[in-house]
Amino acid sequence: MAIVYKRPHALTDEVFHYCPGCTHGIIHRLIAETIDELEIEGCTVGIAPVGCAVRAYDFFSCDMVQAAHGRAPAVATGLKRARPENIIFTYQGDGDLAAIGMAETVHAATRGENITVIFVNNAIYGMTGGQMAPTSLPGQVTQTTPYGRDTNSAGYPIRVCELLSTLDGVALAQRVTVDSVRNVRIAKKAIKKAFENQIKGLGFSIVEVVSSCPTNWGMAPNDALKWLQDNMLPYYPLGVYKDISEGGENK
């Protein structure tokens with residue numbers, strides 16, 4: 001019998017530690033499938049974040065480096081400049097990338113560092129108990145905003161792709177999600193393109209994946225996906241915000 005679907009070689013046999021319904025596992029698989037298809041496992045180095053994906057080094061078969069909170073783009077910059085022949089990617093959540101790591105992200109992007117960034121946006125701090133994140137929606141209830149995010153005191157959420165798409169060093173800024181089979185396929189194509197851009201030396205590529213957090217949202221997995229569709233996607237529209245291979249146009 002022909003094998004039509006199997007675990008990617010770039011994923012280890014380690015069982016994911018993520019909560020039921022968490023989309024990190026889907027995103028991990030898409031990255032691993034990309035690494036397999038491009039045949040780059042032996043030269044790829046991933047940067048694990050601080051956050052729910054802190055143990056990403058257990059799940060990928062390629063070399064992995066653990067970065068301090070928010071410093072993944074800085075670590076990736078050092079690795080890529082020291083070993084330009086290697087393929088370097090960071091895997092970061094919204095707290096890691098858009099809060100403590102925003103400066104590193106913006107400056108790596110504007111320098112056009114030839115790295116790939118996978119940004120998981122679930123609008124909340126997952127690992128540390130559900131506090132408000134830079135991407136938490138207006139009115140969203142979290143552990144630190146029990147009455148909902150008040151934009152008068154906490155400001156507005158950061159739209160990362162829109163922000164980075166204005167920078168000259170960015171080759172690709174695309175927002176995707178993995179809430180359906182169709183969108184998983186679109187996400188896979190975007191992730192693969194981000195890695196291919198690095199191979200071609202085009203510069204900084206970021207793929208933002210709008211994701212759910214059933215545990216900290218206090219929802220069942222299916223309800224969390226519905227909440228994502230009804231609330232997150234209107235605020236974080238999916239699409240390509242910059243793609244220099246398509247003329248560099250912003251959305």
# chains A, B, ... in the order shown; residues from 1 in each chain; ligands from 1
>>> select_by_dssp(residues="range 170-224 of chain A", states="strand (DSSP E)", output="number ranges by chain")
A: 170-177, 204-210
>>> write_last_selection(atoms="N, CA and C atoms", output="JSON list (two decimals), in the first residue's frame")
[["chain", "number", "residue", "atom", "x", "y", "z"],
["A", 170, "VAL", "N", 12.05, 44.25, 4.30],
["A", 170, "VAL", "CA", 11.14, 43.10, 4.37],
["A", 170, "VAL", "C", 10.84, 42.56, 2.98],
["A", 171, "ALA", "N", 11.05, 41.25, 2.81],
["A", 171, "ALA", "CA", 10.76, 40.60, 1.54],
["A", 171, "ALA", "C", 9.34, 40.06, 1.50],
["A", 172, "LEU", "N", 8.87, 39.55, 2.64],
["A", 172, "LEU", "CA", 7.53, 38.96, 2.72],
["A", 172, "LEU", "C", 6.93, 39.23, 4.08],
["A", 173, "ALA", "N", 5.70, 39.74, 4.10],
["A", 173, "ALA", "CA", 4.92, 39.87, 5.32],
["A", 173, "ALA", "C", 3.52, 39.36, 4.99],
["A", 174, "GLN", "N", 3.18, 38.22, 5.54],
["A", 174, "GLN", "CA", 1.89, 37.61, 5.21],
["A", 174, "GLN", "C", 1.22, 37.09, 6.48],
["A", 175, "ARG", "N", -0.09, 37.30, 6.57],
["A", 175, "ARG", "CA", -0.86, 36.79, 7.71],
["A", 175, "ARG", "C", -1.76, 35.65, 7.25],
["A", 176, "VAL", "N", -1.70, 34.55, 7.97],
["A", 176, "VAL", "CA", -2.47, 33.36, 7.64],
["A", 176, "VAL", "C", -3.12, 32.84, 8.92],
["A", 177, "THR", "N", -3.89, 31.77, 8.79],
["A", 177, "THR", "CA", -4.41, 31.07, 9.96],
["A", 177, "THR", "C", -4.52, 29.59, 9.62],
["A", 204, "PHE", "N", 14.35, 39.65, 4.82],
["A", 204, "PHE", "CA", 13.54, 39.28, 5.98],
["A", 204, "PHE", "C", 12.14, 38.85, 5.56],
["A", 205, "SER", "N", 11.72, 37.66, 6.00],
["A", 205, "SER", "CA", 10.38, 37.17, 5.70],
["A", 205, "SER", "C", 9.68, 36.80, 7.00],
["A", 206, "ILE", "N", 8.43, 37.25, 7.16],
["A", 206, "ILE", "CA", 7.65, 36.92, 8.34],
["A", 206, "ILE", "C", 6.29, 36.38, 7.92],
["A", 207, "VAL", "N", 5.90, 35.28, 8.54],
["A", 207, "VAL", "CA", 4.57, 34.71, 8.37],
["A", 207, "VAL", "C", 3.89, 34.74, 9.74],
["A", 208, "GLU", "N", 2.83, 35.53, 9.84],
["A", 208, "GLU", "CA", 2.05, 35.62, 11.07],
["A", 208, "GLU", "C", 0.89, 34.63, 10.98],
["A", 209, "VAL", "N", 0.78, 33.77, 11.99],
["A", 209, "VAL", "CA", -0.29, 32.78, 12.01],
["A", 209, "VAL", "C", -1.27, 33.14, 13.13],
["A", 210, "VAL", "N", -2.47, 33.58, 12.76],
["A", 210, "VAL", "CA", -3.50, 33.88, 13.75],
["A", 210, "VAL", "C", -3.98, 32.56, 14.34]]
>>> closest_atom_pairs(of="range 60-177 of chain A", to="range 228-232 of chain A", cutoff="10 Å", atoms="only C-alpha atoms", output="JSON lines")
{"residue": "A:Asn121", "atom": "CA", "partner": "A:Met232", "partner_atom": "CA", "distance": 9.6}
{"residue": "A:Asn122", "atom": "CA", "partner": "A:Leu228", "partner_atom": "CA", "distance": 8.6}
{"residue": "A:Ala123", "atom": "CA", "partner": "A:Met232", "partner_atom": "CA", "distance": 8.3}
{"residue": "A:Thr135", "atom": "CA", "partner": "A:Met232", "partner_atom": "CA", "distance": 9.7}
{"residue": "A:Ser136", "atom": "CA", "partner": "A:Met232", "partner_atom": "CA", "distance": 9.1}
{"residue": "A:Leu137", "atom": "CA", "partner": "A:Met232", "partner_atom": "CA", "distance": 7.5}
{"residue": "A:Gln140", "atom": "CA", "partner": "A:Asn231", "partner_atom": "CA", "distance": 9.7}
{"residue": "A:Thr177", "atom": "CA", "partner": "A:Leu228", "partner_atom": "CA", "distance": 9.4}
>>> write_last_selection(atoms="C-alpha atoms", output="compact mmCIF listing (two decimals), in the first residue's frame")
# COMPACT_ATOMS: atom_id res chain seq x y z
CA ASN A 121 -0.52 35.36 17.30
CA ASN A 122 -3.12 34.05 19.76
CA ALA A 123 -3.73 37.44 21.42
CA THR A 135 -2.11 41.70 20.33
CA SER A 136 -5.05 41.24 22.75
CA LEU A 137 -8.19 42.71 21.21
CA GLN A 140 -10.77 41.17 25.40
CA THR A 177 -4.41 31.07 9.96
>>> residues_around(residues="range 27-38 of chain A", least_positions_apart="5", cutoff="9 Å", atoms="only C-alpha atoms", output="list of chain:residue names")
A:Arg7, A:Pro8, A:His9, A:Ala10, A:Leu11, A:Thr44, A:Ala56, A:Phe59, A:Phe60, A:Ser61, A:Cys62, A:Ile118, A:Val120, A:Val178, A:Val184, A:Arg185, A:Ala187, A:Lys188, A:Lys189, A:Ile191, A:Lys192, A:Phe195, A:Glu196, A:Val209
>>> select_by_dssp(residues="range 28-191 of chain A", states="alpha helix (DSSP H)", output="number ranges by chain")
A: 28-38, 72-82, 94-95, 102-110, 151-154, 160-164, 181-191
>>> closest_residue(among="A:Ile199, A:Met132, A:Ala109, A:Val4", to="Ile88 in chain A", atoms="only C-alpha atoms")
A:Ile199
>>> atom_distance(atom1="CA of Leu79 in chain A", atom2="CA of Glu113 in chain A")
10.8 Å
>>> residues_around(residues="range 19-26 of chain A", least_positions_apart="6", cutoff="9 Å", atoms="only C-alpha atoms", output="count of residues only")
16
>>> closest_residue(among="A:Gly51, A:Gly218, A:Pro138, A:Gly201", to="Gly126 in chain A", atoms="only C-alpha atoms")
A:Gly51
>>> atom_distance(atom1="CA of Gln92 in chain A", atom2="CA of Phe119 in chain A")
5.0 Å
